[in-house]
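Asker: Could you have a look at this structure, given as structure tokens, before my questions?
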Amino acid sequence: MIYKKCISCLFFLLCFCLTNGQEAILCSLQNFKLKIENTIDVPIVTSNNDGTVNLNFPQQYITDIFADYEIYDFNQSFPTGSEELQKYYDIIMNSKDIIEPIITQVPQTTMTIFVEDFSQTEIPLTIPISADLIALLNNNTFIVTKYRTTSDADDCWDCPLYDVPENFNFKVSFNYNTVNDILYMESDEATSCGNSFSIGLKGGNPSGYVDPENMLQLWESYPYTATESNFSEPCHNIEATVFDLLDIACSPYDPAYGNILFTVDSASEKVQFSRSHAFFGEHIVEFSKADLSIDEENLNKMKPYQIPYNPYLLISNSDNQILSVEIINTSGQSVFVTNKFENNSVNISIFEAGLYFIKISNGNDKYKVFKLILN
């Protein structure tokens, strides 16, 4: 019976996609659910110019907790539901860091947070990231080379993965933050379907797992570029698989759940990620280390930064190179562009404090995106 229902769901989803043309497959922000027991504890929501919102709770200490994070939306989940359902609210934001202070500082009689798939009752919520994975990925660029999605209808669990098409492009850079034990994964350039993203991965949630050392989970995510694509385009299904695996898909056809598993092959400089999905199978994606051109190597050596008491943007290792620089806020809006960047020429003190994305291009259709926090 379950098998027949799954087939029916797949058929419906296929028909829906074929008849509804284009759709966005990348939704990089995270959606958590809050249960607020009493209406007097519901916050007042105010909007900011950068697309974020502030939540002002009756309790100042709760307001202070939420003020440390980027929040993009807050709304009632079931406004016309029963009295019990009306206690639930959806909050769209960028980081799971908020979970622990809510668990440890806010009484459940006031508020409870729910994050799909994972237990929020056991601290810690993460484990350390594997040293082998960090050694392979840190400060390196990888491309998607193989993929596959299995299911209970697939009698070939051990079959080889599919090669991506020859002209398929999905290139990402990894950078490890030792202080916060977080592995950042960012698009080096737009994918074949025109998508770009920036996320942070932490070690897996150990709750309910016997051996979680080879697991990751999405922890931080930032808005960037999501382009609609057609179901019939070769890039569409591949990218949808990758985004679902990474937990940043919009409305996946076979939604994934739980931790992201990984297998490191240091000798061949490959890493394989996999994640279970609702149709009794898993998404599997292989990333291989990219062979970079001289232009790309030069870009990889660059990094935007600022120094105390200097209001101007600086880019390391940028001497004797013609660079285009674009500064983008968290709403995806371009706030500054120049086609001929020079150090100490762009005054970034004029921008509001917060997170920005710095897109650096060397004029050869190669670019890299960096995060920069302005205080």
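Convention: chains lettered A, B, ... in structure tokens order; per-chain residue numbering from 1; ligands numbered from 1 as shown.
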Go through segment 95-305 of chain A and collect every residue that DSSP, computed from the backbone, puts in helix (DSSP H, G or I); the answer should be as an NGL selection string.

Answerer: :A and (96-105 or 131-137 or 212-214 or 234-246 or 294-301)

Asker: I'd like the contact shell of segment 56-59 of chain A - 7 Å cut-off, only C-alpha atoms, skipping same-chain residues fewer than 6 positions apart - returned as a PyMOL selection string.

Answerer: chain A and resi 41-45

Asker: Let's have the selection written as a PDB file, in the first residue's frame, with C-alpha atoms.

Answerer:
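As written to disk, part09.pdb reads:
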```pdb
ATOM      1  CA  ASP A  41       4.228  36.668  24.737  1.00  0.00           C
ATOM      2  CA  VAL A  42       3.902  37.076  20.949  1.00  0.00           C
ATOM      3  CA  PRO A  43       6.485  39.611  19.704  1.00  0.00           C
ATOM      4  CA  ILE A  44       5.899  42.856  17.833  1.00  0.00           C
ATOM      5  CA  VAL A  45       7.486  42.567  14.371  1.00  0.00           C
TER       6      VAL A  45
END
```

Asker: Have a look at atom CA of Leu372 of chain A and atom CA of Ile358 of chain A and let me know their distance in Å, one decimal.

Answerer: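 Between atom CA of Leu372 of chain A and atom CA of Ile358 of chain A the gap is 6.9 Å.
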
Asker: Could you make a table, as JSON lines, of the residues of segment 217-290 of chain A that have an atom within 12 Å of an atom of segment 66-78 of chain A, each with its nearest atom pair and distance in Å to one decimal, counting only C-alpha atoms, in chain and number order?

Answerer:
```
{"residue": "A:Glu220", "atom": "CA", "partner": "A:Glu70", "partner_atom": "CA", "distance": 10.4}
{"residue": "A:Ser221", "atom": "CA", "partner": "A:Glu70", "partner_atom": "CA", "distance": 10.2}
{"residue": "A:Tyr222", "atom": "CA", "partner": "A:Glu70", "partner_atom": "CA", "distance": 9.3}
{"residue": "A:Pro223", "atom": "CA", "partner": "A:Tyr72", "partner_atom": "CA", "distance": 9.9}
```

Asker: Since we have the selection now, will you write its residues out, keeping C-alpha atoms, as a short mmCIF file (atom, residue, chain, number, x, y, z; two decimals), in the first residue's frame?

Answerer:
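Written output follows (out20.cif):
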```cif
data_model
loop_
_atom_site.label_atom_id
_atom_site.label_comp_id
_atom_site.auth_asym_id
_atom_site.auth_seq_id
_atom_site.Cartn_x
_atom_site.Cartn_y
_atom_site.Cartn_z
CA GLU A 220 23.99 28.57 8.72
CA SER A 221 22.48 29.73 5.43
CA TYR A 222 22.32 33.04 3.62
CA PRO A 223 20.15 34.30 0.74
#
```

Asker: Using only C-alpha atoms, which protein or nucleic acid residues come within 8 Å of segment 134-149 of chain A? Drop anything in the same chain fewer than 4 positions from it, and give the result as a ChimeraX atom specification.

Answerer: /A:129-130,161-164,169-176,183,188,238,241,264,266,269,281-290

Asker: So how far away is atom CA of Asn48 of chain A from atom CA of Val325 of chain A, in Å?

Answerer: 25.2 Å

Asker: If we count only C-alpha atoms and set the cut-off at 12 Å, which residues sit around Gly200 of chain A, ignoring sequence neighbours fewer than 4 positions away in its own chain? Please answer as number ranges by chain.

Answerer: A: 28-30, 94-97, 129, 173-177, 180-186, 216-222, 246-248, 371

Asker: Determine the nearest neighbour of Ser345 of chain A from the options A:Gln22, A:Ser268, A:Asn317, A:Asn310, counting only C-alpha atoms.

Answerer: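 Of the candidates, the smallest distance to Ser345 of chain A is held by A:Asn310.
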
Asker: For Ile373 of chain A, which residue out of A:Ile98, A:Cys235, A:Leu313, A:Met93 is the nearest one, using only C-alpha atoms?

Answerer: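 Selected residue with least distance to Ile373 of chain A: A:Leu313.
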